[in-house]
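**Q** One structure coming up, written as structure tokens, with questions to follow.
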Amino acid sequence: MQLEDIKGLGAKRIAKLHESGIYDPLDILLMFPSAYFDRNKVINWKEISPGTEVIFEAEINSPPVMRHVRKGLSYVKCEFNSFGTKVVCTWFNQSYIYRRLSVGEKVIISGKLKKITTFAEISAPKIIPSRAGNIVPIYKLPEGLNQKLMSDAVAALLTEINIQGYVTDEIANKAGIIPLRKAIYEAHFPTGIETAKTAVRSAATESLAYTLSMYRLLKCNTEKRRKFYGEHISQLNYAITDLPFQLTDDQKNAINKIVGHMCSDKRMNVLLQGDVGSGKTIVAFLAAYYAALGGYQTAIMAPTEILAKQHWKKAIDFFGSKGLKVVCLTGSMPAKDKAVVLESIANGSASIVVGTHALTGKNVCFNNLSLTITDEQHRFGVCQRGSLENKTDFADNIVMSATPIPRTLALSIYGQLETINLRQKPQKNYSIMTAIVPNHKINDMYGYIEKRAEVGEKTYIVCPRIESEDENSAVSTYKKLKSGALKNTKIALLHGKLSAAEKEMVMNDFAFGETAVLVCTTVVEVGMDIPDATTMVIFGADKMGLSQLHQLRGRIGRRGQKSYCFIAETSDTTGRLKKLCTCFDGFELAEYDFNFRGAGDFLGTRQHGRAETFAGIKIDAEILRNAEKLSTQLLSDPEISRALIKKADGKEEFIRSLSLN
Ligand code: ADP
Ligand code: MG
């Protein structure tokens with residue numbers, strides 16, 4: 001069955017539908033209603049104030065009137081009866097409405113109440129034809145389709161098409177979702193508002209579960225290992241006992257899993273997630289050590305120069321004692337130094353290569369790269385990260401993040417990654433008090449910061465932008481404080497536009513020198529480690545995701561000292577920032593923000609609209625979780641697995657979980 005076979009769809013409308021990405025009947029079935037209207041709901045007009053959005057069913061009282069006021073201006077006016085109250089609706093320049101309204105007919109009206117006296121007034125509301133059943137679905141439709149056409153098309157399609165999901169009724173019941181066939185029917189012809197909503201969520205869950213399963217199968221079917229490391233467990237264990245601290249159980253588990261992958265016959269792709277301070281670096285180093293024991297190179301890529309240098313220093317401590325050479329490559333290095341580093345990468349004398357995205361440059365030739373490690377991966381664009389992997393065939397990959405990413409989003413960016421979580425924190429007493437500071441208390445706060453400075457403690461003041469008219473920019477905040485509230489304190493400015501040398505100087509003076517207060521942008525977000533920093537002020541927090549804010553405050557109290565994070569009051573009244581004050585679990589905050597703000601933060605941009613929705617509904621954390629469980633269930637069913645594998649091998653488009661016949 002084709003779109004052309006649907007009654008009412010001519011070439012013109014079909015062209016319009018194509019523009020909205022609708023190509024076949026399935027797309028129409030998957031256009032779920034954006035809302036449902038309950039016809040039994042009583043509306044009490046006396047209690048509704050002007051400006052309120054209303055949706056109600058009403059009967060047309062008297063024939064509509066159309067007037068031509070002057071050339072180019074006409075209106076249609078019509079009276080309705082809703083629970084004994086007269087409602088007058090007016091439309092300007094929409095003469096087609098006139099033909100749609102006939103006395104005695106019942107319609108659903110949706111719009112904003114303009115005025116209410118002895119009667120109610122609404123201008124330009126939407127008119128939706130009423131239909132049988134207590135619950136009426138309301139579609140957000142592309143141009144060219146109207147509500148009536150839509151429900152007729154769906155009704156026709158549902159009788160013509162046999163929808164076949166991959167999930168059997170039995171598995172669906174186990175997973176707590178409505179089987180697809182029923183779900184689609186219920187979504188379009190609902191028996192109740194709650195069941196309709198559950199149906200839509202079920203369909204989304206099933207479709208995502210399918211996608212996930214396909215990716216999982218593709219990965220394990222095609223990606224055979226080509227680089228073999230050999231057995232070096234005893235050396236690895238020795239390195240672990242030689243550490244100045246005991247690994248946490250989570251760290252042990254992570255390294256076990258990673259080495260397990262490295263010893264298997266499949267290529268490794270893992271996402272190592274853990275809060276700020278959970279100790280991801282040492283896990284990465286141990287993996288790199290294992291690769292080096294097998295005679296291979298590892299590349300460790302960090303998003304900023306500051307962080308790359310920090311890793312470099314730590315790597316020298318760790319690997320140096322093992323006789324392994326570590327080099328660091330960044331974009332701002334002098335050409336002479338760069339040539340030396342490039343040579344040692346190419347001839348293989350450097351076992352561990354740390355750097356910024358300069359590592360992906362054309363002039364970088366690895367000798368025998370087998371492991372790539374990308375730190376704080378959400379900071380990199382997909383292309384940048386991909387090009388590091390492409391430096392060699394069949395490298396194993398670890399990406400690390402302090403911003404837990406919902407699985408399906410990770411998948412849509414990176415393909416399927418196995419997630420390993422570090423939930424424990426090695427350091428105890430990791431306590432950072434977080435509070436929202438109202439505007440009239442800001443000066444008291446600066447007084448507090450001065451006192452901290454007197455006893456040698458350091459403060460970050462984080463601003464959302466480098467420079468702008470806005471008084472919250474780093475440059476203007478710095479100027480204001482230097483000659484004002486903090487004029488007696490040594491204060492410095494750090495942002496991304498400074499040269500590498502300037503940055504280094506500012507950072508050094510903040511870490512080891514006199515600088516007590518650092519006004520900066522979110523460049524401090526990733527990885528910076530200043531042990532004496534105990535206070536942080538964040539301006540413009542309403543513009544930042546909770547995960548990002550949580551990472552920022554992870555920069556203070558690094559030794560478990562009592563520390564304060566002050567969130568300057570913003571116009572955000574959603575309670576999101578209050579959540580930050582009471583919750584210190586990065587995983588929980590990520591889920592909360594995902595439900596609240598959608599996927600944008602995790603994708604590093606709010607523009608990737610498509611990845612966060614399925615058939616018009618927002619994919620939230622619960623749907624993701626259920627989809628993942630369902631996928632695991634599907635893959636444990638041999639028959640379903642076989643069917644899926646056949647599809648995966650054929651490399652058919654596998655986003656669809658439905659087949660039509
Ligand atoms: P992140 O996960 O934020 O990248 P790091 O790897 O930088 O965290 O670790 C934070 C700090 O904790 C480092 O100084 C590191 O040396 C230390 N650390 C890591 N693991 C442990 C452990 N098991 N016990 C004590 N300290 C540890
Ligand atoms: Mg880190």
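The chains in the structure tokens are called A, B, ... from first to last as shown; in each chain the residues are counted from 1, and the ligands are counted from 1 in the order shown.
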Would you mind listing the residues within 10 Å of ligand 1, counting only C-alpha atoms and all ligand atoms, as an MDAnalysis selection string?
**A** chainID A and resid 243:252 272:285 307 310:311 314 375:376 400:402 422 424:428 526:529 531 551 554:555 558:559
**Q** At a cut-off of 8 Å, using only C-alpha atoms, what residues contact Leu546 of chain A? Leave out same-chain residues fewer than 6 positions from it and give the result as a PyMOL selection string.
**A** chain A and resi 576-577+580+589-590+593
**Q** Write the residues of the selection above to a file with N, CA and C atoms, as a compact mmCIF listing (two decimals), in the first residue's frame.
**A**
# COMPACT_ATOMS: atom_id res chain seq x y z
N ARG A 576 14.90 23.61 38.97
CA ARG A 576 16.01 22.82 38.46
C ARG A 576 17.29 23.07 39.26
N LEU A 577 17.55 24.35 39.54
CA LEU A 577 18.77 24.70 40.26
C LEU A 577 18.69 24.28 41.72
N LEU A 580 20.02 20.90 42.14
CA LEU A 580 21.48 20.87 42.22
C LEU A 580 21.96 21.08 43.66
N LEU A 589 21.52 13.57 38.44
CA LEU A 589 21.36 14.91 37.86
C LEU A 589 21.22 14.84 36.35
N ALA A 590 21.98 13.96 35.73
CA ALA A 590 21.91 13.83 34.27
C ALA A 590 20.51 13.38 33.85
N ASP A 593 18.00 16.27 34.32
CA ASP A 593 18.11 17.29 33.29
C ASP A 593 17.63 16.79 31.95
**Q** Which neighbours of His495 of chain A fall inside 10 Å, counting only C-alpha atoms, when residues of the same chain fewer than 4 positions from it are skipped, and could you give them as an MDAnalysis selection string?
**A** chainID A and resid 463 465:467 474:475 499 502:503 506 519:524
**Q** Could you turn the residues from that selection into a file that holds all heavy atoms, as a compact mmCIF listing (two decimals), in the first residue's frame?
**A**
# COMPACT_ATOMS: atom_id res chain seq x y z
N CYS A 463 31.73 32.57 34.71
CA CYS A 463 30.77 33.38 33.95
C CYS A 463 30.42 32.66 32.65
O CYS A 463 31.25 31.95 32.09
CB CYS A 463 31.37 34.74 33.62
SG CYS A 463 31.90 35.61 35.09
N ARG A 465 29.93 33.76 29.59
CA ARG A 465 30.51 34.22 28.33
C ARG A 465 31.82 34.95 28.57
O ARG A 465 32.07 35.42 29.68
CB ARG A 465 29.55 35.17 27.61
CG ARG A 465 28.44 34.50 26.86
CD ARG A 465 27.39 35.52 26.44
NE ARG A 465 26.81 36.16 27.62
CZ ARG A 465 25.83 35.63 28.33
NH1 ARG A 465 25.30 34.49 27.99
NH2 ARG A 465 25.36 36.25 29.40
N ILE A 466 32.64 35.07 27.53
CA ILE A 466 33.91 35.80 27.68
C ILE A 466 33.65 37.29 27.75
O ILE A 466 33.99 37.97 28.70
CB ILE A 466 34.87 35.52 26.50
CG1 ILE A 466 35.23 34.03 26.45
CG2 ILE A 466 36.13 36.37 26.64
CD1 ILE A 466 36.15 33.66 25.31
N GLU A 467 33.00 37.79 26.71
CA GLU A 467 32.86 39.23 26.60
C GLU A 467 31.53 39.54 25.96
O GLU A 467 31.15 38.91 24.99
CB GLU A 467 33.98 39.76 25.69
CG GLU A 467 34.39 41.14 26.00
CD GLU A 467 35.73 41.46 25.34
OE1 GLU A 467 36.28 40.60 24.64
OE2 GLU A 467 36.18 42.58 25.52
N ALA A 474 32.71 37.38 31.57
CA ALA A 474 33.91 37.23 32.37
C ALA A 474 34.68 38.55 32.42
O ALA A 474 35.11 38.99 33.49
CB ALA A 474 34.78 36.12 31.80
N VAL A 475 34.84 39.19 31.25
CA VAL A 475 35.63 40.41 31.21
C VAL A 475 35.00 41.51 32.06
O VAL A 475 35.68 42.14 32.88
CB VAL A 475 35.80 40.89 29.74
CG1 VAL A 475 36.48 42.24 29.69
CG2 VAL A 475 36.61 39.86 28.96
N SER A 499 46.20 33.42 24.92
CA SER A 499 47.16 32.52 24.26
C SER A 499 47.53 31.42 25.25
O SER A 499 47.32 31.55 26.46
CB SER A 499 48.41 33.28 23.87
OG SER A 499 49.14 33.60 25.03
N GLU A 502 49.76 32.68 28.01
CA GLU A 502 49.04 33.49 29.01
C GLU A 502 48.22 32.60 29.94
O GLU A 502 48.22 32.76 31.16
CB GLU A 502 48.10 34.49 28.31
CG GLU A 502 48.81 35.66 27.68
CD GLU A 502 47.86 36.47 26.79
OE1 GLU A 502 47.13 35.87 25.97
OE2 GLU A 502 47.85 37.70 26.94
N LYS A 503 47.53 31.64 29.33
CA LYS A 503 46.71 30.73 30.13
C LYS A 503 47.56 30.02 31.16
O LYS A 503 47.20 29.91 32.33
CB LYS A 503 46.09 29.65 29.21
CG LYS A 503 44.72 30.00 28.71
CD LYS A 503 44.15 28.79 27.99
CE LYS A 503 43.55 29.18 26.67
NZ LYS A 503 43.29 28.10 25.75
N VAL A 506 48.53 32.32 33.99
CA VAL A 506 47.41 32.59 34.89
C VAL A 506 47.11 31.37 35.76
O VAL A 506 46.95 31.46 36.97
CB VAL A 506 46.15 32.99 34.08
CG1 VAL A 506 44.93 33.11 34.98
CG2 VAL A 506 46.39 34.31 33.35
N VAL A 519 38.53 34.71 37.84
CA VAL A 519 37.30 34.90 37.08
C VAL A 519 37.51 34.17 35.75
O VAL A 519 38.51 34.39 35.08
CB VAL A 519 37.03 36.40 36.83
CG1 VAL A 519 35.76 36.57 36.00
CG2 VAL A 519 36.92 37.14 38.15
N CYS A 520 36.58 33.30 35.40
CA CYS A 520 36.83 32.49 34.22
C CYS A 520 35.53 32.11 33.52
O CYS A 520 34.44 32.33 34.04
CB CYS A 520 37.58 31.23 34.62
SG CYS A 520 36.76 30.31 35.91
N THR A 521 35.68 31.53 32.36
CA THR A 521 34.53 30.96 31.68
C THR A 521 34.50 29.48 32.02
O THR A 521 35.26 29.03 32.86
CB THR A 521 34.67 31.15 30.16
OG1 THR A 521 35.96 30.68 29.79
CG2 THR A 521 34.51 32.61 29.78
N THR A 522 33.67 28.72 31.34
CA THR A 522 33.54 27.31 31.70
C THR A 522 34.74 26.48 31.26
O THR A 522 34.68 25.26 31.32
CB THR A 522 32.25 26.71 31.13
OG1 THR A 522 32.21 27.05 29.75
CG2 THR A 522 31.04 27.25 31.82
N VAL A 523 35.83 27.11 30.82
CA VAL A 523 37.04 26.33 30.51
C VAL A 523 37.50 25.52 31.72
O VAL A 523 38.19 24.52 31.58
CB VAL A 523 38.25 27.17 30.02
CG1 VAL A 523 38.00 27.73 28.65
CG2 VAL A 523 38.61 28.24 31.02
N VAL A 524 37.12 25.95 32.92
CA VAL A 524 37.56 25.19 34.11
C VAL A 524 36.73 23.93 34.30
O VAL A 524 37.02 23.12 35.15
CB VAL A 524 37.46 25.98 35.43
CG1 VAL A 524 38.41 27.16 35.42
CG2 VAL A 524 36.05 26.40 35.72
**Q** Using DSSP secondary structure from the backbone, list all helix (DSSP H, G or I) positions within segment 52-285 of chain A, as a VMD selection string.
**A** chain A and resid 96 to 100 147 to 160 169 to 175 180 to 188 193 to 222 233 to 241 249 to 262 280 to 285
**Q** Would you pick out the contacts of segment 476-479 of chain A at 10 Å or less, using only C-alpha atoms, so that residues sharing its chain but fewer than 5 positions from it are not included, and give the list as a JSON list (two decimals) with N, CA, C and O atoms, in the first residue's frame?
**A**
[["chain", "number", "residue", "atom", "x", "y", "z"],
["A", 461, "ILE", "N", 35.31, 32.21, 39.99],
["A", 461, "ILE", "CA", 34.06, 32.89, 39.66],
["A", 461, "ILE", "C", 33.78, 32.60, 38.18],
["A", 461, "ILE", "O", 34.52, 33.03, 37.30],
["A", 462, "VAL", "N", 32.76, 31.80, 37.95],
["A", 462, "VAL", "CA", 32.52, 31.30, 36.60],
["A", 462, "VAL", "C", 31.43, 32.12, 35.91],
["A", 462, "VAL", "O", 30.36, 32.35, 36.48],
["A", 463, "CYS", "N", 31.73, 32.57, 34.71],
["A", 463, "CYS", "CA", 30.77, 33.38, 33.95],
["A", 463, "CYS", "C", 30.42, 32.66, 32.65],
["A", 463, "CYS", "O", 31.25, 31.95, 32.09],
["A", 465, "ARG", "N", 29.93, 33.76, 29.59],
["A", 465, "ARG", "CA", 30.51, 34.22, 28.33],
["A", 465, "ARG", "C", 31.82, 34.95, 28.57],
["A", 465, "ARG", "O", 32.07, 35.42, 29.68],
["A", 466, "ILE", "N", 32.64, 35.07, 27.53],
["A", 466, "ILE", "CA", 33.91, 35.80, 27.68],
["A", 466, "ILE", "C", 33.65, 37.29, 27.75],
["A", 466, "ILE", "O", 33.99, 37.97, 28.70],
["A", 467, "GLU", "N", 33.00, 37.79, 26.71],
["A", 467, "GLU", "CA", 32.86, 39.23, 26.60],
["A", 467, "GLU", "C", 31.53, 39.54, 25.96],
["A", 467, "GLU", "O", 31.15, 38.91, 24.99],
["A", 468, "SER", "N", 30.82, 40.45, 26.51],
["A", 468, "SER", "CA", 29.58, 40.89, 25.86],
["A", 468, "SER", "C", 29.11, 42.11, 26.62],
["A", 468, "SER", "O", 29.67, 42.47, 27.64],
["A", 469, "GLU", "N", 28.08, 42.71, 26.12],
["A", 469, "GLU", "CA", 27.51, 43.87, 26.79],
["A", 469, "GLU", "C", 27.03, 43.46, 28.19],
["A", 469, "GLU", "O", 27.11, 44.20, 29.15],
["A", 470, "ASP", "N", 26.56, 42.24, 28.23],
["A", 470, "ASP", "CA", 26.00, 41.64, 29.42],
["A", 470, "ASP", "C", 26.93, 41.78, 30.63],
["A", 470, "ASP", "O", 28.11, 41.52, 30.55],
["A", 471, "GLU", "N", 26.39, 42.16, 31.76],
["A", 471, "GLU", "CA", 27.24, 42.38, 32.92],
["A", 471, "GLU", "C", 27.76, 41.06, 33.50],
["A", 471, "GLU", "O", 28.64, 41.05, 34.35],
["A", 484, "GLY", "N", 36.24, 46.99, 42.53],
["A", 484, "GLY", "CA", 35.12, 47.12, 43.47],
["A", 484, "GLY", "C", 35.22, 46.15, 44.62],
["A", 484, "GLY", "O", 36.16, 46.20, 45.42],
["A", 486, "LEU", "N", 36.23, 43.27, 45.25],
["A", 486, "LEU", "CA", 37.41, 42.45, 45.57],
["A", 486, "LEU", "C", 38.71, 43.21, 45.30],
["A", 486, "LEU", "O", 39.73, 42.61, 44.95],
["A", 487, "LYS", "N", 38.67, 44.53, 45.50],
["A", 487, "LYS", "CA", 39.86, 45.30, 45.11],
["A", 487, "LYS", "C", 41.07, 45.01, 46.01],
["A", 487, "LYS", "O", 42.20, 45.25, 45.63],
["A", 491, "ILE", "N", 43.26, 39.09, 42.04],
["A", 491, "ILE", "CA", 42.25, 38.49, 41.17],
["A", 491, "ILE", "C", 42.78, 38.41, 39.74],
["A", 491, "ILE", "O", 43.53, 39.28, 39.30],
["A", 492, "ALA", "N", 42.45, 37.34, 39.03],
["A", 492, "ALA", "CA", 42.94, 37.17, 37.66],
["A", 492, "ALA", "C", 41.81, 36.72, 36.75],
["A", 492, "ALA", "O", 40.73, 36.34, 37.21],
["A", 493, "LEU", "N", 42.07, 36.77, 35.44],
["A", 493, "LEU", "CA", 41.06, 36.46, 34.43],
["A", 493, "LEU", "C", 41.56, 35.34, 33.52],
["A", 493, "LEU", "O", 42.69, 35.39, 33.03],
["A", 494, "LEU", "N", 40.73, 34.33, 33.31],
["A", 494, "LEU", "CA", 41.11, 33.22, 32.41],
["A", 494, "LEU", "C", 39.98, 32.90, 31.45],
["A", 494, "LEU", "O", 38.85, 32.68, 31.87],
["A", 517, "VAL", "N", 41.58, 34.70, 43.50],
["A", 517, "VAL", "CA", 40.28, 34.61, 42.84],
["A", 517, "VAL", "C", 40.50, 34.56, 41.34],
["A", 517, "VAL", "O", 41.22, 35.38, 40.77],
["A", 518, "LEU", "N", 39.90, 33.57, 40.70],
["A", 518, "LEU", "CA", 40.02, 33.44, 39.26],
["A", 518, "LEU", "C", 38.66, 33.63, 38.61],
["A", 518, "LEU", "O", 37.74, 32.84, 38.83],
["A", 519, "VAL", "N", 38.53, 34.71, 37.84],
["A", 519, "VAL", "CA", 37.30, 34.90, 37.08],
["A", 519, "VAL", "C", 37.51, 34.17, 35.75],
["A", 519, "VAL", "O", 38.51, 34.39, 35.08],
["A", 520, "CYS", "N", 36.58, 33.30, 35.40],
["A", 520, "CYS", "CA", 36.83, 32.49, 34.22],
["A", 520, "CYS", "C", 35.53, 32.11, 33.52],
["A", 520, "CYS", "O", 34.44, 32.33, 34.04],
["A", 539, "PHE", "N", 27.75, 32.40, 37.74],
["A", 539, "PHE", "CA", 26.77, 33.33, 37.19],
["A", 539, "PHE", "C", 26.12, 32.69, 35.95],
["A", 539, "PHE", "O", 26.75, 31.90, 35.25]]
**Q** Measuring atom to atom with only C-alpha atoms, identify which of A:Ser636, A:Thr117, A:Ser74, A:Asn61 is nearest to Ser102 of chain A.
**A**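 Using only C-alpha atoms, Ser102 of chain A sits closest to A:Asn61.
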**Q** In Å, how far is it from atom CA of Thr515 of chain A to atom CA of Ala315 of chain A?
**A** 27.2 Å
**Q** Given only C-alpha atoms and all ligand atoms as the basis, pick out the residue of A:Asn237, A:Gln633, A:Asn269, A:Thr374 nearest to ligand 2.
**A**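 The answer is A:Thr374, which sits nearest to ligand 2.
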**Q** Do a neighbour search on Thr168 of chain A at 10 Å with only C-alpha atoms, toss out local chain neighbours closer than 2 positions, and write the hits as a compact mmCIF listing (two decimals) with N, CA and C atoms, in the first residue's frame.
**A**
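What ended up in part.txt:
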# COMPACT_ATOMS: atom_id res chain seq x y z
N GLN A 164 3.22 -5.84 12.04
CA GLN A 164 3.96 -6.93 12.63
C GLN A 164 5.16 -6.38 13.39
N GLY A 165 5.10 -6.39 14.70
CA GLY A 165 6.26 -5.97 15.47
C GLY A 165 7.16 -7.16 15.71
N TYR A 166 8.38 -6.93 16.13
CA TYR A 166 9.29 -8.02 16.44
C TYR A 166 9.06 -8.56 17.84
N GLU A 170 4.02 -11.96 24.37
CA GLU A 170 4.54 -12.47 25.62
C GLU A 170 5.67 -11.59 26.15
N ILE A 171 6.62 -11.28 25.26
CA ILE A 171 7.74 -10.43 25.69
C ILE A 171 7.24 -9.03 26.06
N ALA A 172 6.30 -8.53 25.25
CA ALA A 172 5.76 -7.19 25.54
C ALA A 172 5.15 -7.16 26.95
N ASN A 173 4.37 -8.19 27.24
CA ASN A 173 3.76 -8.23 28.57
C ASN A 173 4.81 -8.26 29.66
N LYS A 174 5.84 -9.07 29.43
CA LYS A 174 6.92 -9.16 30.41
C LYS A 174 7.59 -7.80 30.60
N PRO A 179 1.68 -4.41 23.29
CA PRO A 179 2.20 -4.88 21.99
C PRO A 179 1.91 -3.86 20.89
N LEU A 180 2.82 -3.77 19.96
CA LEU A 180 2.79 -2.70 18.97
C LEU A 180 1.47 -2.54 18.23
N LEU A 634 15.11 -9.18 23.98
CA LEU A 634 14.99 -9.61 22.58
C LEU A 634 16.19 -10.43 22.16
N ILE A 640 14.22 -14.61 17.77
CA ILE A 640 14.19 -13.19 17.41
C ILE A 640 15.58 -12.74 16.99
